[in-house]
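Novice: Okay, here's the structure, questions in a sec.
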4 protein chains.
Amino acid sequence: MASNRFGELFTITTWGESHGKAIGVVIDGCPAGVALDEAMINEELERRAPGRSPHTSPRKERDQAEILSGVFEGRTTGTPISIMIRNSDPDSSKYEPIKHLLRPGHGNYTYLEKYGMFDYRGGGRASARETACRVAAGAVAKQLLKMEEIFVVAYIKQIEENRVEHLPSDFHKLLHAVRSSKLSIPCAQTEDAVIATLERARAEGDSLGGLVEFQIHGAPVGLGDPIYQKLEARLAAGMMSIPASKGFEIGSGFSAVQMAGSENNDIYSRTGEEVRTESNHAGGILAGISTGMPIVGRVAFKPTSSIKKTQSTLDLKGEEAQFTLPEGSRHDPCLALRAPAIVEAMAALTVADSLLMNRSARI
Amino acid sequence: MASNRFGELFTITTWGESHGKAIGVVIDGCPAGVALDEAMINEELERRAPGRSPHTSPRKERDQAEILSGVFEGRTTGTPISIMIRNSDPDSSKYEPIKHLLRPGHGNYTYLEKYGMFDYRGGGRASARETACRVAAGAVAKQLLKMEEIFVVAYIKQIEENRVEHLPSDFHKLLHAVRSSKLSIPCAQTEDAVIATLERARAEGDSLGGLVEFQIHGAPVGLGDPIYQKLEARLAAGMMSIPASKGFEIGSGFSAVQMAGSENNDIYSRTGEEVRTESNHAGGILAGISTGMPIVGRVAFKPTSSIKKTQSTLDLKGEEAQFTLPEGSRHDPCLALRAPAIVEAMAALTVADSLLMNRSARI
Amino acid sequence: MASNRFGELFTITTWGESHGKAIGVVIDGCPAGVALDEAMINEELERRAPGRSPHTSPRKERDQAEILSGVFEGRTTGTPISIMIRNSDPDSSKYEPIKHLLRPGHGNYTYLEKYGMFDYRGGGRASARETACRVAAGAVAKQLLKMEEIFVVAYIKQIEENRVEHLPSDFHKLLHAVRSSKLSIPCAQTEDAVIATLERARAEGDSLGGLVEFQIHGAPVGLGDPIYQKLEARLAAGMMSIPASKGFEIGSGFSAVQMAGSENNDIYSRTGEEVRTESNHAGGILAGISTGMPIVGRVAFKPTSSIKKTQSTLDLKGEEAQFTLPEGSRHDPCLALRAPAIVEAMAALTVADSLLMNRSARI
Amino acid sequence: MASNRFGELFTITTWGESHGKAIGVVIDGCPAGVALDEAMINEELERRAPGRSPHTSPRKERDQAEILSGVFEGRTTGTPISIMIRNSDPDSSKYEPIKHLLRPGHGNYTYLEKYGMFDYRGGGRASARETACRVAAGAVAKQLLKMEEIFVVAYIKQIEENRVEHLPSDFHKLLHAVRSSKLSIPCAQTEDAVIATLERARAEGDSLGGLVEFQIHGAPVGLGDPIYQKLEARLAAGMMSIPASKGFEIGSGFSAVQMAGSENNDIYSRTGEEVRTESNHAGGILAGISTGMPIVGRVAFKPTSSIKKTQSTLDLKGEEAQFTLPEGSRHDPCLALRAPAIVEAMAALTVADSLLMNRSARI
């Protein structure tokens with residue numbers, strides 16, 4: 001079905017289960033000539049890694065990407081780039097006791113009904129571990145975007161009630177603030193509040209959702225392809241394919257429901273030769289095509305489904321049962337904290353693809 | 001680029017400009033054997049039509065679909081179904097005076113920059129008129145879904161501050177309430193309030209956004225394909241390709257940001273032999289695959305960009321200018337009111353496609 | 001299934017049955033800025049038309065293409081180009097008596113088994129009439145290729161034993177010879193022999209196969225995409241999708257089976273700055289990528305399946321029966337004679353698509 | 001560009017260079033429930049292996065497939081199946097002296113011009129080594145086909161003048177004869193003649209082309225999708241993507257050029273309840289859809305481009321040069337001898353894909 005593939009020209013196909021030998025991604029369609037090495041990829045993987053702060057899952061994996069093809073003498077060759085990440089934490093015996101239970105908020109029931117079988121160990125294919133492959137591929141896309149001076153950043157905008165209200169107005173300051181924060185929260189005060197909230201959730205054995213905002217700077221006018229490959233449609237598809245995502249919005253988003261047209265319309269003006277708009281409710285996209293303004297959107301994530309509290313459920317025979325996380329399971333009370341690296345990857349992949357597609361717009 | 005195409009197996013390709021001879025859609029991949037005639041399509045088109053109530057655009061078009069191929073003796077044959085709708089309102093001279101101006105909130109600037117040219121008459125390809133083709137194709141998808149007893153409905157959930165708080169709990173009552181309302185608002189009280197708000201906006205020459213909710217009933221467990229063809233990702237792509245859409249959410253959506261895992265997780269239970277969940281924060285989808293519960297989501301629409309108020313802008317040379325809608329232009333103060341028919345169409349197309357894709361899941 | 005679609009970036013979707021209201025094609029992905037009008041398309045359609053010479057089917061259709069979208073002020077706009085051709089010869093009553101018979105060499109049996117139904121009138125979707133849409137779309141592709149100074153020609157190489165042995169060595173002379181011949185045979189002597197053979201076949205109520213050769217001049221080095229989108233693989237797919245085609249070869253083709261490597265290898269040499277090869281057994285393609293030499297291949301066509309002779313067959317119940325063409329049926333004793341226009345179209349479409357794909361090869 | 005992908009529903013993406021760390025394939029879209037293990041794959045790889053007889057390349061690689069994902073408890077799970085084959089013969093220093101020369105018959109010039117760079121070691125991505133991945137994926141497709149009792153076989157039909165004239169009429173005898181021959185030649189007499197020819201070519205330092213025939217038994221009526229995904233078009237694309245292939249034909253193929261319609265048409269008859277045709281010039285396909293008869297076609301391969309004879313050429317600066325194979329290079333005088341395993345794989349992949357596509361033909 002090619003359902004593990006993303007993109008039209010700059011395409012990725014990811015593979016692998018949480019407790020299999022390895023996971024990986026094949027990038028098919030990256031132009032020749034992009035500088036690339038494993039260190040660049042591992043740096044991105046590091047930002048997604050659990051155990052990066054005391055507030056995310058303590059699993060001590062250190063994902064190491066291995067480039068198996070497609071790079072020669074430090075540059076991409078136009079052939080498929082195969083990247084593999086070995087799985088290093090393969091003890092799956094603890095999943096035995098729960099393999100017959102429908103896990104609340106998880107996909108084991110739907111996978112089983114769809115396919116008639118499921119590699120239940122550690123979430124199998126449905127595990128968030130798959131997102132490491134997105135991040136690895138996103139690192140390649142970012143290298144391509146860098147050559148066009150396009151940059152992507154994503155950060156925590158809100159966890160529970162704690163919301164970042166003020167951002168650095170300058171993009172590079174923003175980038176610095178995000179990269180300096182262990183939780184990718186570009187506001188120290190909010191970060192402190194989030195840490196307190198996380199500790200409370202952890203103590204309660206419960207979990208938290210979160211809101212991630214992304215910005216793409218430097219995109220030229222013209223990216224995105226009407227009608228069904230509009231830039232916001234492709235971004236939405238990419239973001240809504242991330243595990244635990246529940247919503248996507250671009251620019252003014254859901255708040256546009258309560259705005260007047262005279263308020264929501266962005267007025268064109270000029271700075272030197274450059275056409276710009278005074279506000280950016282459009283989020284950098286009009287009629288599916290980028291305007292040259294920053295592309296700004298947000299992705300909502302649900303709270304982690306795996307919690308320490310016991311929950312009622314059914315077993316595979318339909319009998320009532322109680323679901324409790326196995327002893328020794330990692331508990332990541334807020335998956336959204338790992339999402340910024342993934343959101344950046346999906347944004348970078350989408351824009352890289354749109355850049356290539358845009359090369360066919362004119363004679 | 002095939003960017004005017006939607007779907008993998010049940011695919012549509014739409015074509016046509018607002019002021020060209022016709023618009024149309026080719027459906028490639030509809031299985032043979034679906035009952036279909038033009039009346040079924042025209043009935044759906046009627047629900048999208050402007051001028052259906054005094055509160056939408058007064059254009060007196062009555063779209064008539066013509067089936068040109070793919071149907072024989074009242075049933076689809078498995079070959080492409082070509083549907084054409086003639087354009088009947090071709091006076092485009094009034095667009096002359098504004099063709100050199102960047103229209104706030106419109107795509108004429110981005111189209112021009114991307115393609116180097118633009119059929120500016122009536123919005124050209126960027127016109128919402130294209131959505132009639134989606135509705136026509138959606139009518140075909142609905143015929144297929146009906147055979148599997150899957151039904152789709154969409155309705156206005158909110159316009160400005162006016163929000164439908166209580167819905168009929170039974171699906172058929174909901175459907176009846178939606179179909180009985182000229183504005184697709186399944187609550188008479190809210191409908192009255194919306195009409196007052198529309199009158200105010202019209203008097204001010206301004207416009208309103210809106211929120212549309214959709215529900216899909218009867219979908220079996222198993223629709224949607226991990227990882228990048230998750231059902232919510234495909235729905236998001238479809239909805240975010242609708243003109244003026246700014247956001248998409250599934251189930252608890254953005255409100256999940258502030259929920260605890262113990263609250264957002266849906267608990268499995270049983271009604272007779274049927275597995276169900278007690279709440280439906282998942283919106284009928286887990287890990288990208290339908291759960292058998294109703295699929296529920298929402299789409300946010302911005303206020304109509306074309307307003308009667310004069311707005312500052314630039315001309316194509318970059319000089320400052322004033323933009324005023326030409327005399328005699330239709331003014332549709334709330335495009336969201338026409339959106340439910342389109343949202344239904346995109347939902348039906350997405351589910352029809354997922355149904356076919358699901359046929360390959362197992363040996 | 002999108003099985004009525006050809007191409008990745010420059011894509012076409014054709015629709016329509018032989019005896020429906022119309023047939024047509026939607027071109028999605030043609031870059032903006034290509035000069036185009038209906039006359040250019042009709043000129044190509046004329047070359048495919050039956051009744052063009054006494055030796056092809058006498059049907060007096062004169063296909064008239066109508067451009068419904070995608071062209072503005074004489075140039076393509078980057079939006080879908082919809083082209084429709086009305087069917088003008090809709091009497092289908094004569095097919096009634098044979099609708100229950102399996103037609104030797106035709107697709108009515110396989111369509112019926114696959115889809116459970118079939119619009120049997122005039123061949124329905126399986127009719128060679130569909131190829132008019134390819135020719136119309138090919139005309140657009142040729143306009144794009146012309147801007148890159150790439151030209152395509154196809155001609156009859158052999159009918160039964162009559163083979164064109166000597167071609168004009170210069171491409172423009174070849175083109176002239178082909179365009180001057182009513183039967184697209186660039187050798188007057190062979191043309192005469194073919195006419196005699198055709199008259200014999202017509203008198204016998206039998207039919208003839210034929211071999212069509214194509215040449216593409218001016219293609220730059222670099223077209224075609226390894227591994228599965230090799231230029232010869234894409235050409236093969238295009239050519240083998242033409243009704244009645246039975247074989248495809250590139251360069252030395254099947255004769256390579258009996259050649260030595262030292263004979264088949266083309267030796268590189270130089271003319272001024274230009275790298276060329278002294279022979280062209282490669283047919284202008286190495287490792288799936290064009291070499292800059294002319295791209296040369298051949299397509300084999302079977303004899304027309306509809307013949308005037310009575311043939312044994314079965315009816316739909318499996319009973320033995322006799323199949324005789326209905327009185328008044330057109331009889332086209334050699335469909336291959338109409339094939340050069342179609343082969344040119346498929347070559348042009350393939351190369352146009354490869355041109356766009358090649359824009360993504362490098363940073 | 002996804003140009004390293006084959007298939008629509010049952011899709012493969014191959015990756016890897018001849019002298020990189022590994023090569024591999026990701027199968028995305030294999031239904032859940034197919035029995036699979038590494039031994040099944042390695043058995044197929046063995047049949048493609050060089051060094052299998054004294055008459056093919058002496059490279060002592062023994063390809064070992066490693067399944068990295070997508071299989072659980074001995075069955076496919078519906079998730080991507082990643083298969084990796086390590087490269088074991090990585091000495092590439094001998095390619096240094098020729099890296100600046102255009103290799104006659106090879107793709108190094110076209111790759112360089114297209115991508116601006118090329119991993120020249122051992123042919124890089126253009127190496128026939130990539131076909132091991134096709135064979136590995138084909139082994140998975142064969143497992144799926146086996147469940148539907150569909151079987152594929154390919155064999156040498158002709159090398160130079162040596163042609164297999166008589167085949168066992170029974171499919172299982174044919175299969176046995178092919179599998180019993182080290183050179184996949186189902187006729188001992190021809191095999192002896194081929195061996196003599198090979199020895200002559202080897203002595204001369206020259207190479208030979210060859211013709212491979214394939215047969216698919218057990219395919220039901222209905223596979224293949226009109227218009228552009230006709231079964232023969234998809235087979236052609238698959239076969240013409242194999243390195244060194246120069247031609248493809250189905251059924252009567254190129255010989256149809258000289259046949260009369262009354263001769264080429266296959267007459268329908270019945271054996272019990274089963275509809276069949278008395279001859280099979282159609283090669284088992286009518287109008288792009290399988291007829292239920294055996295699917296039979298042929299693929300022409302050019303002689304190996306790498307020969308021991310010195311050939312004139314140019315260097316990258318355009319200066320005249322002499323090309324000689326490096327000392328110690330393997331010399332495989334007839335690549336066609338390794339092709340049957342690859343042709344079988346492409347046939348199996350194509351039919352597996354068509355089987356899945358056919359599931360969407362009807363309601």
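So you can find residues: chains in the structure tokens are A, B, ... in the order shown, residues in each start at 1, and ligands are numbered from 1 in order.
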Could you please select, counting only C-alpha atoms, the residues of chain A within 9 Å of chain C and state them as a list in words?

Specialist: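 Every residue of chain A that passes the 9 Å test is in Leu9, Phe10, Gly29, Cys30, Pro31, Ala32, Gly33, Val34, Thr77, Gly78, Thr79, Leu144, Met147, Pro226, Leu356, Met357, Arg359, Ser360, Ala361, Arg362 and Ile363 of chain A.
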
Novice: Take the residues that were just selected and, keeping C-alpha atoms, output them as a PDB file, in the first residue's frame.

Specialist:
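Written output follows (out.pdb):
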```pdb
ATOM      1  CA  LEU A   9       9.623  13.522  -4.968  1.00  0.00           C
ATOM      2  CA  PHE A  10      11.681  13.693  -1.810  1.00  0.00           C
ATOM      3  CA  GLY A  29      14.563  11.246  -4.302  1.00  0.00           C
ATOM      4  CA  CYS A  30      17.106  13.352  -2.466  1.00  0.00           C
ATOM      5  CA  PRO A  31      18.975  15.332  -5.118  1.00  0.00           C
ATOM      6  CA  ALA A  32      22.643  14.613  -5.662  1.00  0.00           C
ATOM      7  CA  GLY A  33      25.136  16.963  -4.069  1.00  0.00           C
ATOM      8  CA  VAL A  34      23.855  17.438  -0.529  1.00  0.00           C
ATOM      9  CA  THR A  77      24.633  10.800  -5.059  1.00  0.00           C
ATOM     10  CA  GLY A  78      20.979  10.898  -6.137  1.00  0.00           C
ATOM     11  CA  THR A  79      20.556   7.215  -5.274  1.00  0.00           C
ATOM     12  CA  LEU A 144      18.938  20.337   1.555  1.00  0.00           C
ATOM     13  CA  MET A 147      21.428  25.237   0.920  1.00  0.00           C
ATOM     14  CA  PRO A 226      -2.989  23.369  -5.649  1.00  0.00           C
ATOM     15  CA  LEU A 356      11.383  19.849  -5.685  1.00  0.00           C
ATOM     16  CA  MET A 357       7.796  19.823  -6.867  1.00  0.00           C
ATOM     17  CA  ARG A 359      10.721  23.022 -10.000  1.00  0.00           C
ATOM     18  CA  SER A 360       8.036  21.774 -12.386  1.00  0.00           C
ATOM     19  CA  ALA A 361       5.705  24.735 -12.051  1.00  0.00           C
ATOM     20  CA  ARG A 362       6.972  26.622 -15.056  1.00  0.00           C
ATOM     21  CA  ILE A 363       8.588  26.007 -18.411  1.00  0.00           C
TER      22      ILE A 363
END
```

Novice: Pull the alpha helix (DSSP H) assignments for stretch 32-159 of chain B out of DSSP run on the backbone, and list those residues as a ChimeraX atom specification.

Specialist: /B:38-48,108-115,131-147

Novice: Got time to write the residues from that selection, C-alpha atoms, as a PDB file, in the first residue's frame?

Specialist:
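Saved the output as out07.pdb:
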```pdb
ATOM      1  CA  GLU B  38     -27.154  12.336 -12.363  1.00  0.00           C
ATOM      2  CA  ALA B  39     -30.016  13.057  -9.992  1.00  0.00           C
ATOM      3  CA  MET B  40     -28.035  11.620  -7.072  1.00  0.00           C
ATOM      4  CA  ILE B  41     -25.196  13.968  -7.841  1.00  0.00           C
ATOM      5  CA  ASN B  42     -27.365  17.016  -8.401  1.00  0.00           C
ATOM      6  CA  GLU B  43     -29.046  16.493  -5.069  1.00  0.00           C
ATOM      7  CA  GLU B  44     -25.682  16.797  -3.344  1.00  0.00           C
ATOM      8  CA  LEU B  45     -24.708  19.780  -5.458  1.00  0.00           C
ATOM      9  CA  GLU B  46     -27.881  21.477  -4.374  1.00  0.00           C
ATOM     10  CA  ARG B  47     -26.785  21.391  -0.745  1.00  0.00           C
ATOM     11  CA  ARG B  48     -23.561  23.182  -1.551  1.00  0.00           C
ATOM     12  CA  ASN B 108      -3.731  35.765  -6.850  1.00  0.00           C
ATOM     13  CA  TYR B 109      -0.298  36.926  -5.649  1.00  0.00           C
ATOM     14  CA  THR B 110       0.952  33.434  -4.799  1.00  0.00           C
ATOM     15  CA  TYR B 111      -0.372  31.941  -8.044  1.00  0.00           C
ATOM     16  CA  LEU B 112       1.255  34.708 -10.044  1.00  0.00           C
ATOM     17  CA  GLU B 113       4.583  34.254  -8.336  1.00  0.00           C
ATOM     18  CA  LYS B 114       4.459  30.500  -8.689  1.00  0.00           C
ATOM     19  CA  TYR B 115       3.252  30.159 -12.261  1.00  0.00           C
ATOM     20  CA  THR B 131     -15.412  22.442  -4.565  1.00  0.00           C
ATOM     21  CA  ALA B 132     -18.528  21.636  -6.601  1.00  0.00           C
ATOM     22  CA  CYS B 133     -16.432  18.906  -8.220  1.00  0.00           C
ATOM     23  CA  ARG B 134     -15.553  17.502  -4.817  1.00  0.00           C
ATOM     24  CA  VAL B 135     -19.216  17.390  -3.923  1.00  0.00           C
ATOM     25  CA  ALA B 136     -20.087  15.639  -7.188  1.00  0.00           C
ATOM     26  CA  ALA B 137     -17.371  13.048  -6.611  1.00  0.00           C
ATOM     27  CA  GLY B 138     -18.364  12.764  -2.979  1.00  0.00           C
ATOM     28  CA  ALA B 139     -21.863  11.817  -4.112  1.00  0.00           C
ATOM     29  CA  VAL B 140     -20.372   8.822  -5.901  1.00  0.00           C
ATOM     30  CA  ALA B 141     -18.314   7.879  -2.852  1.00  0.00           C
ATOM     31  CA  LYS B 142     -21.447   8.100  -0.712  1.00  0.00           C
ATOM     32  CA  GLN B 143     -23.208   5.641  -3.004  1.00  0.00           C
ATOM     33  CA  LEU B 144     -20.373   3.200  -2.431  1.00  0.00           C
ATOM     34  CA  LEU B 145     -20.397   3.794   1.333  1.00  0.00           C
ATOM     35  CA  LYS B 146     -24.170   3.297   1.470  1.00  0.00           C
ATOM     36  CA  MET B 147     -23.674  -0.268   0.314  1.00  0.00           C
TER      37      MET B 147
END
```

Novice: Quick one: everything within 9 Å of C:Ala300, counting only C-alpha atoms, minus sequence neighbours fewer than 4 positions away in the same chain. Send it as a list in words.

Specialist: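 Contacts, with the query itself left out: Gly209, Gly210, Leu211, Val212, Glu213, Ala244, Ser245, Lys246, Gly247, Phe248, Glu249 and Ala336 of chain C; Glu249, Gly253, Phe254, Ser255, Ala256 and Val257 of chain D.
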
Novice: Find the residues near C:Met259: any atom within 12 Å, counting only C-alpha atoms, skip ones fewer than 5 places away on the same chain, and give them as a VMD selection string.

Specialist: (chain C and resid 252 to 254 264 to 265 281) or (chain D and resid 158 to 161 201 206 to 211 300 to 305 334)

Novice: Give me the residues near stretch 91-101 of chain A as an MDAnalysis selection string, where near means some atom within 8 Å (using only C-alpha atoms) and where sequence neighbours in that chain fewer than 6 positions away do not count.

Specialist: chainID A and resid 19 120:122 313:316 321 323 326:327 329

Novice: Emit the selected residues as a compact mmCIF listing (two decimals), in the first residue's frame, including all heavy atoms.

Specialist:
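See again_8.txt below for the written result:
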```txt
# COMPACT_ATOMS: atom_id res chain seq x y z
N HIS A 19 10.69 -3.66 18.95
CA HIS A 19 11.53 -4.70 19.54
C HIS A 19 12.11 -5.65 18.49
O HIS A 19 12.46 -6.77 18.80
CB HIS A 19 10.76 -5.45 20.62
CG HIS A 19 10.67 -4.68 21.90
ND1 HIS A 19 11.12 -5.17 23.09
CD2 HIS A 19 10.22 -3.43 22.15
CE1 HIS A 19 10.92 -4.26 24.04
NE2 HIS A 19 10.36 -3.20 23.50
N TYR A 120 3.21 -7.36 19.39
CA TYR A 120 2.78 -6.54 20.53
C TYR A 120 3.95 -6.01 21.35
O TYR A 120 3.78 -5.18 22.24
CB TYR A 120 1.88 -7.39 21.44
CG TYR A 120 2.57 -8.66 21.88
CD1 TYR A 120 3.45 -8.69 22.96
CD2 TYR A 120 2.39 -9.84 21.15
CE1 TYR A 120 4.11 -9.84 23.33
CE2 TYR A 120 3.05 -11.00 21.51
CZ TYR A 120 3.91 -10.99 22.60
OH TYR A 120 4.58 -12.13 22.93
N ARG A 121 5.16 -6.49 21.07
CA ARG A 121 6.29 -6.17 21.95
C ARG A 121 6.67 -4.69 21.83
O ARG A 121 7.12 -4.23 20.79
CB ARG A 121 7.49 -7.05 21.59
CG ARG A 121 7.18 -8.53 21.68
CD ARG A 121 8.27 -9.34 21.02
NE ARG A 121 8.46 -8.95 19.63
CZ ARG A 121 9.51 -9.29 18.90
NH1 ARG A 121 10.47 -10.03 19.42
NH2 ARG A 121 9.59 -8.89 17.64
N GLY A 122 6.45 -3.98 22.90
CA GLY A 122 6.86 -2.57 22.94
C GLY A 122 6.09 -1.68 21.98
O GLY A 122 6.55 -0.61 21.62
N THR A 313 -10.64 -2.55 31.21
CA THR A 313 -10.59 -2.82 29.78
C THR A 313 -11.22 -4.19 29.51
O THR A 313 -11.91 -4.75 30.37
CB THR A 313 -9.15 -2.74 29.23
OG1 THR A 313 -9.22 -2.77 27.81
CG2 THR A 313 -8.28 -3.89 29.73
N LEU A 314 -10.99 -4.70 28.30
CA LEU A 314 -11.43 -6.05 27.92
C LEU A 314 -10.20 -6.86 27.52
O LEU A 314 -9.18 -6.29 27.14
CB LEU A 314 -12.37 -5.98 26.70
CG LEU A 314 -13.66 -5.15 26.84
CD1 LEU A 314 -14.39 -5.10 25.51
CD2 LEU A 314 -14.56 -5.74 27.92
N ASP A 315 -10.35 -8.18 27.57
CA ASP A 315 -9.29 -8.98 26.96
C ASP A 315 -9.74 -9.38 25.55
O ASP A 315 -10.81 -8.97 25.09
CB ASP A 315 -8.94 -10.20 27.82
CG ASP A 315 -10.09 -11.18 27.96
OD1 ASP A 315 -11.03 -11.12 27.14
OD2 ASP A 315 -10.05 -11.99 28.90
N LEU A 316 -8.89 -10.12 24.86
CA LEU A 316 -9.18 -10.41 23.46
C LEU A 316 -10.43 -11.26 23.28
O LEU A 316 -11.00 -11.32 22.19
CB LEU A 316 -7.98 -11.12 22.80
CG LEU A 316 -6.75 -10.24 22.61
CD1 LEU A 316 -5.63 -11.05 21.96
CD2 LEU A 316 -7.08 -9.03 21.75
N ALA A 321 -11.49 -6.87 32.15
CA ALA A 321 -10.17 -7.08 32.73
C ALA A 321 -9.64 -5.76 33.23
O ALA A 321 -10.23 -4.70 33.01
CB ALA A 321 -9.23 -7.67 31.67
N PHE A 323 -6.23 -3.32 33.25
CA PHE A 323 -4.95 -3.12 32.59
C PHE A 323 -4.00 -2.32 33.48
O PHE A 323 -4.31 -1.21 33.91
CB PHE A 323 -5.12 -2.38 31.26
CG PHE A 323 -3.82 -2.19 30.56
CD1 PHE A 323 -3.28 -3.22 29.80
CD2 PHE A 323 -3.10 -1.00 30.69
CE1 PHE A 323 -2.05 -3.06 29.18
CE2 PHE A 323 -1.88 -0.85 30.07
CZ PHE A 323 -1.35 -1.87 29.32
N PRO A 326 3.13 -3.09 32.95
CA PRO A 326 4.04 -4.05 33.57
C PRO A 326 5.08 -3.35 34.44
O PRO A 326 5.50 -2.23 34.14
CB PRO A 326 4.71 -4.72 32.37
CG PRO A 326 3.82 -4.46 31.20
CD PRO A 326 3.10 -3.18 31.50
N GLU A 327 5.47 -4.05 35.49
CA GLU A 327 6.60 -3.60 36.30
C GLU A 327 7.80 -3.30 35.40
O GLU A 327 8.11 -4.08 34.50
CB GLU A 327 7.03 -4.73 37.27
CG GLU A 327 6.26 -4.81 38.57
CD GLU A 327 6.36 -3.52 39.37
OE1 GLU A 327 7.50 -3.07 39.64
OE2 GLU A 327 5.29 -2.95 39.70
N SER A 329 8.19 -1.02 33.28
CA SER A 329 7.93 -0.29 32.04
C SER A 329 8.39 1.15 32.19
O SER A 329 8.24 1.75 33.26
CB SER A 329 6.42 -0.26 31.73
OG SER A 329 5.99 -1.52 31.31
```

Novice: Mind checking which residues fall within 12 Å of C:Val152, counting only C-alpha atoms, ignoring those fewer than 4 positions away in the same chain, and posting them as a PyMOL selection string?

Specialist: chain C and resi 138-139+141-146+171-172+174-175+178-179+213-219+294-297+340-352

Novice: Please, what distance in Å, to one decimal, runs between atom CA of B:Glu263 and atom CA of A:Cys187?

Specialist: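 According to the coordinates, atom CA of B:Glu263 and atom CA of A:Cys187 are separated by 28.0 Å.
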
Novice: Name the closest residue to B:Trp15 among the candidates A:Tyr268, A:Phe118, A:Tyr228, A:Tyr155; distances are taken between atoms, counting only C-alpha atoms.

Specialist: A:Tyr228

Novice: Quick one: residues within 9 Å of C:Glu130, only C-alpha atoms counted, chain neighbours fewer than 5 positions away excluded, as a PyMOL selection string?

Specialist: (chain C and resi 14-18+23-24+125) or (chain D and resi 227)

Novice: What does the structure give for the distance between atom CA of B:Met84 and atom CA of C:Gln64, in Å to one decimal?

Specialist: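 Here the two named atoms are 17.8 Å from each other.
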
Novice: Report as a list in words: the residues of stretch 31-165 of chain B with a DSSP assignment of strand (DSSP E), based on the backbone of this structure.

Specialist: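 Filtering stretch 31-165 of chain B down to strand (DSSP E) leaves Ala65, Glu66, Ile67, Val71, Phe72, Arg75, Thr76, Ile81, Ser82, Ile83, Met84, Ile85, Arg86, Phe151, Val152, Val153, Ala154, Tyr155, Ile156, Lys157, Gln158, Ile159, Asn162 and Arg163 of chain B.
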